[in-house]
Every structure is written in C-alpha cells, then in structure tokens.
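Structure first, commentary second.
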Amino acid sequence: MDQPIGTGAEIARIEWTSGSILLFGGPYSNYHATVALRRQAVGLGIPATHVLCTGDLAAYCADPRATVDLIRDWGISVVMGNCEEQLAQRRDDCGCGFSPEMQCDLLAKEWYRHASEELDDETKDWMGRLPGHAVIEGPGFQLMAVHGSVSKINRFVFPSTPWSEKRREIRASETAGIIAGHSGIPFTQIRGGALWHNPGAIGLPANDATPDAWYSLLTLDTGGVRIEHRRLAYDYEAAAERMRCAGLSHWYREALTNGCWPSLDVLPPAEHRRTGRPIAEFTRVWRAPSDHDRTRGTKSPLTAAPLHTA
C-alpha cells in the first residue's frame, strides 16, 4: 500500500544556528531505549529544541504508552510516521506497506494490535496532529525531515536504493537534503552537495547481530556539518522481558537480544546479504552547496558511509 506523506499538521521548523542536533528514528514502544537516549541527550547538553524523531513511536515492543508519554514529556520535535498516521485514523494495520504474504505483515498484526489497545484516544488524536515533515533551518541551507520519503510516508529507502530515486526526492523537497527513517538502517550518502541521511532506529537493532540501537549527531563546524552515526547501548534484556510479560511472541523479543530481524523479506538483496555483519560507528562531513555550486550544477562521486566492518 502506497501512502502520501503524513496528513497531520503541515510543517515543523527547527532553527539551527550553532551546536548540535540529535536525530533518531523508530522508538517502537521501546521505553528502555528511549530513556537511555534522553539521558544521552542530557549528557551531551542538547536541549529538546534540538532533538528530532523521524516517527514510529509505537510499534514492535511492549510499552507504547510509556514510550509516547516520555517523548511528549521530553518536548522534542516528532515527524509523523505511518504508525502514528494509522493509529490516529483508527486503522486496523500499521500501514508499513507490507504485502499480505510477507512474514513482516503477519508479525505486524500482533504488535500493532497491542499498541492500538494500549494507547488511549487522546494519545491517538495527538499523533494525528503531528507534522508530516519538518524543516531544519541551518546557516545558509535547509534540510527536510520525513518518515519514509517526500513522496510516500511508508516508502523504504535503503543504502542500495538508486541515487537517482533519492535525488528526485531531494529535489521534490526543495531543500539541500533529506533526513528520513522507516528503513531502520543507519546510513549517510552525499552527492553533488545533496544529502540523504538516515540516523537509524532506537527501538530495534539494525539487523547487525548486536543489541545496540542507533542515533546520529549533527554538529555545525567550520568545515560544514559533521554527521556522526552513534551506537546506543541500553538495557535490552529488560526491554525483552517487558515484551515477554506483555504476552508478545518471541520473534521481536529475540531480535532485541540477538540483533537480527525475524524477517528479511522487506530488504533488497544488498542489505539482505549484510545481515548479521556488525556496523561500525562512523562520521561524515557534509558541506551544503553554495549558490555558485547550485548554479553550476557541481557533480561529485557518491560518498556513502561504510555500513559494516570488514
């Protein structure tokens, strides 16, 4: 099922003139990971005004209500994900776009029902008021944050997705680059001054055989924007135990501990082959294109973060 970009509030704006912005996706009802990330932000001295989530607050794990309450109390910016859109509209499925015959679709029925039953009407109505996208206003550039892509809230964009498709999305945003979630795998690609960045998700591992979650830190410096992909260690055993107590099946509970997804049918071949290979933390520097660069249509080779250790 293809869906347009989120239908909530029209836009959110973040003014960024100095310091760092913390980005993350997919809390996925994982309260323990969300607590750990908030503590990390406090430790880094990053205010709530400089933290952004790419959506899907409530999904696979046991604690949708506590997780959403924590996010709301934190006061950060949140872009509507397909899970928020579906829950707000009282739909009976997550709207991830899985085909009915896919294992992902079968497994989603349980966790989506759990999330829908746990969340009250006021929370679902709040989800329906979330913005469909956010714009980060940096010094001399803009970035757009979306859940899946500009064209479809539930579009999976992976490292192997052709750059031509990413370029169309970036052009449609009328900004210098896209920050997106949904696919659950952290990566950064830069070409011709344009940026595609996925900070990863904190609610589940990145299918890399480690229990850590992922977030990113973007920092303004004299060389441009420093983009750091960082691991998040948290009490994954406690999160898994909460899932057991909630009566959720073992599939995603085991994923929290073994670091691998229970179904791979959503992955393109390139990402499928990387299953179980640990991802290394990495840093890239992005320089926003100047007016001169944009006029000349400067080209440069695709720069992609190395996803995995050798």
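Labeling convention for the structure tokens: chains A, B, ... as they appear, residues from 1 per chain, ligands from 1 in order of appearance.
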
Report as JSON, numbers by chain all protein, DNA and RNA residues lying within 6 Å of Arg230 of chain A, evaluated on only C-alpha atoms, omitting residues in the same chain fewer than 6 positions from it. {"A": [214, 215, 216, 281]}

Report as an MDAnalysis selection string all protein, DNA and RNA residues lying within 12 Å of segment 257-259 of chain A, evaluated on only C-alpha atoms, omitting residues in the same chain fewer than 4 positions from it. chainID A and resid 203:213 233:241 243 250:253 275:279

Write out as an NGL selection string the residues lying within 12 Å of Val68 of chain A, counting only C-alpha atoms and excluding same-chain residues fewer than 3 positions away. :A and (26-31 or 34-35 or 53 or 55-59 or 62-65 or 71-76 or 78 or 84 or 115 or 118-120 or 122-124 or 126-127)

Neighbouring residues of Tyr112 of chain A were defined as those with any atom within 9 Å, considering only C-alpha atoms; residues of the same chain fewer than 2 positions away were excluded. Please report them as a list in words. Ala58, Ala59, Tyr60, Cys83, Leu87, Asp92, Asp93, Cys94, Leu107, Ala108, Lys109, Glu110, His114, Ala115, Ser116 and Glu117 of chain A

With a distance cut-off of 9 Å and only C-alpha atoms, select the neighbouring residues of segment 128-142 of chain A, excluding the residue or stretch itself and same-chain residues fewer than 2 positions from it, and output the selection as a PDB file with C-alpha atoms, in the first residue's frame.
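Generated output (around11.pdb):
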```
ATOM      1  CA  ILE A   5       3.365  11.933   3.137  1.00  0.00           C
ATOM      2  CA  GLY A   6       1.777  12.230   6.596  1.00  0.00           C
ATOM      3  CA  THR A   7      -1.513  14.020   6.777  1.00  0.00           C
ATOM      4  CA  GLY A   8      -1.013  15.736  10.142  1.00  0.00           C
ATOM      5  CA  ALA A   9      -0.004  19.324  10.861  1.00  0.00           C
ATOM      6  CA  GLU A  10       1.507  20.974   7.831  1.00  0.00           C
ATOM      7  CA  ILE A  11       5.112  21.617   8.931  1.00  0.00           C
ATOM      8  CA  ALA A  12       7.502  21.990  11.853  1.00  0.00           C
ATOM      9  CA  ARG A  13      10.628  24.176  11.809  1.00  0.00           C
ATOM     10  CA  ILE A  14      13.836  23.894  13.794  1.00  0.00           C
ATOM     11  CA  GLU A  15      16.160  26.910  13.876  1.00  0.00           C
ATOM     12  CA  TRP A  16      19.763  25.690  13.934  1.00  0.00           C
ATOM     13  CA  THR A  17      22.451  28.350  14.163  1.00  0.00           C
ATOM     14  CA  SER A  18      25.019  26.680  16.420  1.00  0.00           C
ATOM     15  CA  LEU A  52      14.112  15.332  16.281  1.00  0.00           C
ATOM     16  CA  THR A  54      11.505  10.610  12.393  1.00  0.00           C
ATOM     17  CA  SER A  77      10.093  17.528  17.513  1.00  0.00           C
ATOM     18  CA  VAL A  78       8.444  14.431  16.025  1.00  0.00           C
ATOM     19  CA  VAL A  79       7.593  13.789  12.390  1.00  0.00           C
ATOM     20  CA  MET A  80       4.528  11.641  11.809  1.00  0.00           C
ATOM     21  CA  GLY A  81       5.323   8.056  10.881  1.00  0.00           C
ATOM     22  CA  GLU A  84       1.106   7.366  14.044  1.00  0.00           C
ATOM     23  CA  GLU A  85      -0.992   8.036  10.959  1.00  0.00           C
ATOM     24  CA  GLN A  86      -2.699   4.641  11.126  1.00  0.00           C
ATOM     25  CA  LEU A  87      -3.302   4.772  14.875  1.00  0.00           C
ATOM     26  CA  ALA A  88      -4.700   8.291  14.646  1.00  0.00           C
ATOM     27  CA  GLN A  89      -7.116   7.195  11.928  1.00  0.00           C
ATOM     28  CA  THR A 123      -2.854   9.957  22.547  1.00  0.00           C
ATOM     29  CA  LYS A 124      -4.045   8.782  19.141  1.00  0.00           C
ATOM     30  CA  ASP A 125      -5.564  12.198  18.459  1.00  0.00           C
ATOM     31  CA  TRP A 126      -2.227  13.818  19.405  1.00  0.00           C
ATOM     32  CA  MET A 144      13.768  18.302   5.293  1.00  0.00           C
ATOM     33  CA  ALA A 145      12.963  15.543   7.784  1.00  0.00           C
ATOM     34  CA  VAL A 146      10.369  12.965   6.727  1.00  0.00           C
ATOM     35  CA  HIS A 147       9.433   9.491   7.845  1.00  0.00           C
ATOM     36  CA  VAL A 150       8.836  13.036   0.491  1.00  0.00           C
ATOM     37  CA  ILE A 153       5.229   8.214   4.189  1.00  0.00           C
ATOM     38  CA  GLU A 174      13.276  21.923  -2.431  1.00  0.00           C
ATOM     39  CA  THR A 175      15.985  21.631   0.229  1.00  0.00           C
ATOM     40  CA  ALA A 176      19.644  20.584   0.242  1.00  0.00           C
ATOM     41  CA  GLY A 177      18.955  17.172   1.680  1.00  0.00           C
ATOM     42  CA  LEU A 220      27.947  22.712  12.809  1.00  0.00           C
ATOM     43  CA  ALA A 288      25.901  22.458   1.922  1.00  0.00           C
ATOM     44  CA  PRO A 289      26.057  23.560  -1.726  1.00  0.00           C
ATOM     45  CA  SER A 290      26.722  27.264  -2.208  1.00  0.00           C
TER      46      SER A 290
END
```

Identify, with DSSP run on backbone atoms, the residues in segment 23-217 of chain A assigned to helix (DSSP H, G or I), and express the list as a short mmCIF file (atom, residue, chain, number, x, y, z; two decimals) with N, CA and C atoms, in the first residue's frame.
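Everything below was put into states-v4.cif:
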```cif
data_model
loop_
_atom_site.label_atom_id
_atom_site.label_comp_id
_atom_site.auth_asym_id
_atom_site.auth_seq_id
_atom_site.Cartn_x
_atom_site.Cartn_y
_atom_site.Cartn_z
N TYR A 31 10.58 1.51 25.63
CA TYR A 31 10.73 2.54 26.67
C TYR A 31 12.17 2.60 27.19
N HIS A 32 12.80 1.47 27.39
CA HIS A 32 14.15 1.45 27.95
C HIS A 32 15.16 2.14 27.03
N ALA A 33 15.03 1.92 25.73
CA ALA A 33 15.92 2.59 24.79
C ALA A 33 15.66 4.09 24.75
N THR A 34 14.39 4.48 24.85
CA THR A 34 14.04 5.89 24.81
C THR A 34 14.56 6.62 26.04
N VAL A 35 14.46 5.99 27.20
CA VAL A 35 15.04 6.56 28.42
C VAL A 35 16.54 6.75 28.26
N ALA A 36 17.22 5.74 27.71
CA ALA A 36 18.67 5.82 27.54
C ALA A 36 19.05 6.95 26.60
N LEU A 37 18.29 7.14 25.54
CA LEU A 37 18.63 8.20 24.60
C LEU A 37 18.39 9.58 25.21
N ARG A 38 17.30 9.73 25.96
CA ARG A 38 17.06 11.02 26.60
C ARG A 38 18.20 11.36 27.58
N ARG A 39 18.66 10.37 28.31
CA ARG A 39 19.80 10.59 29.20
C ARG A 39 21.05 10.97 28.42
N GLN A 40 21.22 10.35 27.26
CA GLN A 40 22.36 10.68 26.41
C GLN A 40 22.28 12.12 25.94
N ALA A 41 21.11 12.57 25.54
CA ALA A 41 20.93 13.95 25.10
C ALA A 41 21.24 14.92 26.23
N VAL A 42 20.76 14.62 27.42
CA VAL A 42 21.05 15.48 28.57
C VAL A 42 22.55 15.52 28.84
N GLY A 43 23.19 14.37 28.78
CA GLY A 43 24.63 14.31 28.99
C GLY A 43 25.42 15.09 27.97
N LEU A 44 24.92 15.15 26.75
CA LEU A 44 25.58 15.89 25.67
C LEU A 44 25.22 17.37 25.70
N ALA A 48 15.88 20.01 24.18
CA ALA A 48 14.79 19.37 23.45
C ALA A 48 14.51 20.05 22.12
N THR A 49 14.76 21.36 22.04
CA THR A 49 14.53 22.09 20.79
C THR A 49 15.45 21.64 19.67
N HIS A 50 16.51 20.90 20.00
CA HIS A 50 17.48 20.44 19.01
C HIS A 50 17.49 18.91 18.90
N PRO A 64 4.10 0.93 24.48
CA PRO A 64 3.74 2.09 23.66
C PRO A 64 3.32 3.30 24.48
N ARG A 65 2.52 3.08 25.51
CA ARG A 65 2.00 4.22 26.28
C ARG A 65 3.13 4.93 27.01
N ALA A 66 3.99 4.18 27.71
CA ALA A 66 5.09 4.80 28.45
C ALA A 66 6.08 5.49 27.51
N THR A 67 6.31 4.88 26.36
CA THR A 67 7.24 5.47 25.40
C THR A 67 6.71 6.78 24.84
N VAL A 68 5.45 6.80 24.42
CA VAL A 68 4.87 8.02 23.88
C VAL A 68 4.79 9.10 24.95
N ASP A 69 4.42 8.73 26.17
CA ASP A 69 4.36 9.71 27.25
C ASP A 69 5.73 10.33 27.50
N LEU A 70 6.78 9.52 27.45
CA LEU A 70 8.14 10.02 27.64
C LEU A 70 8.53 10.99 26.54
N ILE A 71 8.22 10.63 25.29
CA ILE A 71 8.54 11.51 24.16
C ILE A 71 7.80 12.85 24.31
N ARG A 72 6.54 12.79 24.68
CA ARG A 72 5.76 14.03 24.83
C ARG A 72 6.31 14.88 25.97
N ASP A 73 6.66 14.24 27.07
CA ASP A 73 7.23 14.98 28.20
C ASP A 73 8.57 15.62 27.85
N TRP A 74 9.33 14.92 27.02
CA TRP A 74 10.64 15.43 26.58
C TRP A 74 10.47 16.73 25.79
N ASN A 82 4.17 6.31 9.67
CA ASN A 82 2.97 5.60 9.22
C ASN A 82 2.21 4.99 10.40
N CYS A 83 2.95 4.57 11.46
CA CYS A 83 2.26 4.01 12.62
C CYS A 83 1.39 5.07 13.30
N GLU A 84 1.91 6.29 13.46
CA GLU A 84 1.11 7.37 14.04
C GLU A 84 -0.11 7.67 13.17
N GLU A 85 0.11 7.72 11.86
CA GLU A 85 -0.99 8.04 10.96
C GLU A 85 -2.10 6.98 11.06
N GLN A 86 -1.71 5.72 11.07
CA GLN A 86 -2.70 4.64 11.13
C GLN A 86 -3.42 4.60 12.48
N LEU A 87 -2.68 4.77 13.55
CA LEU A 87 -3.30 4.77 14.87
C LEU A 87 -4.25 5.96 15.04
N ALA A 88 -3.85 7.11 14.54
CA ALA A 88 -4.70 8.29 14.65
C ALA A 88 -6.00 8.12 13.87
N GLN A 103 6.19 -12.19 5.71
CA GLN A 103 6.29 -12.50 7.13
C GLN A 103 6.16 -11.23 7.97
N CYS A 104 6.69 -10.12 7.47
CA CYS A 104 6.59 -8.85 8.19
C CYS A 104 5.13 -8.50 8.46
N ASP A 105 4.27 -8.74 7.48
CA ASP A 105 2.86 -8.41 7.65
C ASP A 105 2.22 -9.30 8.71
N LEU A 106 2.56 -10.58 8.71
CA LEU A 106 1.99 -11.50 9.70
C LEU A 106 2.42 -11.11 11.11
N LEU A 107 3.69 -10.77 11.28
CA LEU A 107 4.19 -10.40 12.60
C LEU A 107 3.65 -9.05 13.05
N ALA A 108 3.39 -8.16 12.09
CA ALA A 108 2.91 -6.82 12.44
C ALA A 108 1.52 -6.83 13.05
N LYS A 109 0.72 -7.83 12.71
CA LYS A 109 -0.65 -7.85 13.23
C LYS A 109 -0.68 -7.87 14.75
N GLU A 110 0.24 -8.64 15.36
CA GLU A 110 0.25 -8.75 16.81
C GLU A 110 0.69 -7.45 17.48
N TRP A 111 1.86 -6.91 17.06
CA TRP A 111 2.35 -5.72 17.76
C TRP A 111 1.48 -4.50 17.51
N TYR A 112 0.89 -4.41 16.30
CA TYR A 112 0.03 -3.26 16.04
C TYR A 112 -1.24 -3.33 16.90
N ARG A 113 -1.80 -4.50 17.03
CA ARG A 113 -2.98 -4.66 17.90
C ARG A 113 -2.65 -4.29 19.34
N HIS A 114 -1.47 -4.72 19.81
CA HIS A 114 -1.05 -4.40 21.18
C HIS A 114 -0.92 -2.89 21.36
N ALA A 115 -0.29 -2.22 20.40
CA ALA A 115 -0.12 -0.77 20.50
C ALA A 115 -1.47 -0.06 20.48
N SER A 116 -2.35 -0.48 19.59
CA SER A 116 -3.66 0.16 19.47
C SER A 116 -4.47 0.00 20.75
N GLU A 117 -4.38 -1.16 21.38
CA GLU A 117 -5.14 -1.40 22.61
C GLU A 117 -4.56 -0.63 23.79
N GLU A 118 -3.26 -0.42 23.80
CA GLU A 118 -2.60 0.25 24.92
C GLU A 118 -2.78 1.77 24.90
N ASP A 121 -7.52 7.33 23.36
CA ASP A 121 -7.96 8.18 22.26
C ASP A 121 -7.23 9.51 22.24
N GLU A 122 -6.96 10.08 23.40
CA GLU A 122 -6.28 11.37 23.44
C GLU A 122 -4.90 11.26 22.82
N THR A 123 -4.19 10.16 23.11
CA THR A 123 -2.85 9.96 22.55
C THR A 123 -2.93 9.76 21.04
N LYS A 124 -3.89 8.99 20.58
CA LYS A 124 -4.04 8.78 19.14
C LYS A 124 -4.40 10.09 18.43
N ASP A 125 -5.23 10.90 19.06
CA ASP A 125 -5.56 12.20 18.46
C ASP A 125 -4.33 13.10 18.39
N TRP A 126 -3.48 13.05 19.43
CA TRP A 126 -2.23 13.82 19.40
C TRP A 126 -1.34 13.35 18.24
N MET A 127 -1.28 12.05 18.03
CA MET A 127 -0.50 11.53 16.91
C MET A 127 -1.00 12.09 15.58
N GLY A 128 -2.31 12.25 15.45
CA GLY A 128 -2.89 12.78 14.22
C GLY A 128 -2.57 14.24 13.98
N TRP A 163 20.61 6.21 -6.39
CA TRP A 163 20.74 7.64 -6.09
C TRP A 163 19.78 8.48 -6.94
N SER A 164 19.49 8.03 -8.13
CA SER A 164 18.56 8.78 -8.98
C SER A 164 17.20 8.94 -8.30
N GLU A 165 16.77 7.91 -7.57
CA GLU A 165 15.50 8.00 -6.85
C GLU A 165 15.61 8.93 -5.65
N LYS A 166 16.73 8.85 -4.94
CA LYS A 166 16.94 9.76 -3.82
C LYS A 166 17.02 11.20 -4.31
N ARG A 167 17.68 11.41 -5.45
CA ARG A 167 17.81 12.76 -5.99
C ARG A 167 16.43 13.35 -6.32
N ARG A 168 15.53 12.54 -6.87
CA ARG A 168 14.18 13.04 -7.17
C ARG A 168 13.47 13.48 -5.89
N GLU A 169 13.64 12.70 -4.83
CA GLU A 169 13.00 13.05 -3.56
C GLU A 169 13.59 14.34 -2.99
N ILE A 170 14.90 14.48 -3.08
CA ILE A 170 15.56 15.69 -2.57
C ILE A 170 15.09 16.91 -3.37
N ARG A 171 15.01 16.78 -4.66
CA ARG A 171 14.53 17.89 -5.49
C ARG A 171 13.09 18.25 -5.15
N ALA A 172 12.28 17.23 -4.89
CA ALA A 172 10.89 17.49 -4.53
C ALA A 172 10.78 18.24 -3.20
N SER A 173 11.75 18.03 -2.32
CA SER A 173 11.74 18.71 -1.02
C SER A 173 12.11 20.18 -1.13
#
```

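Pairwise distance (atom CA of Pro199 of chain A, atom CA of Pro186 of chain A) equals 5.0 Å.
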
Which of these, A:Ile190, A:Val51, A:Ala180, A:Cys245, has the shortest distance to Leu22 of chain A once you count only C-alpha atoms?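 Of the candidates, the smallest distance to Leu22 of chain A is held by A:Val51.
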
Could you tell me which of A:Ala255, A:Val285, A:Ala270, A:Leu23 comes closest to Pro162 of chain A if we count only C-alpha atoms?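 The shortest atom-to-atom distance to Pro162 of chain A comes from A:Ala270.
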
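Pairwise distance (atom CA of Ile185 of chain A, atom CA of Gly200 of chain A) equals 5.0 Å.
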
Would you return as a PyMOL selection string the members of segment 31-271 of chain A that DSSP assigns to strand (DSSP E or B) on this structure's backbone? chain A and resi 51-53+77-78+131+134-138+141-145+177-179+187-191+194-198+201+213-221+224-232
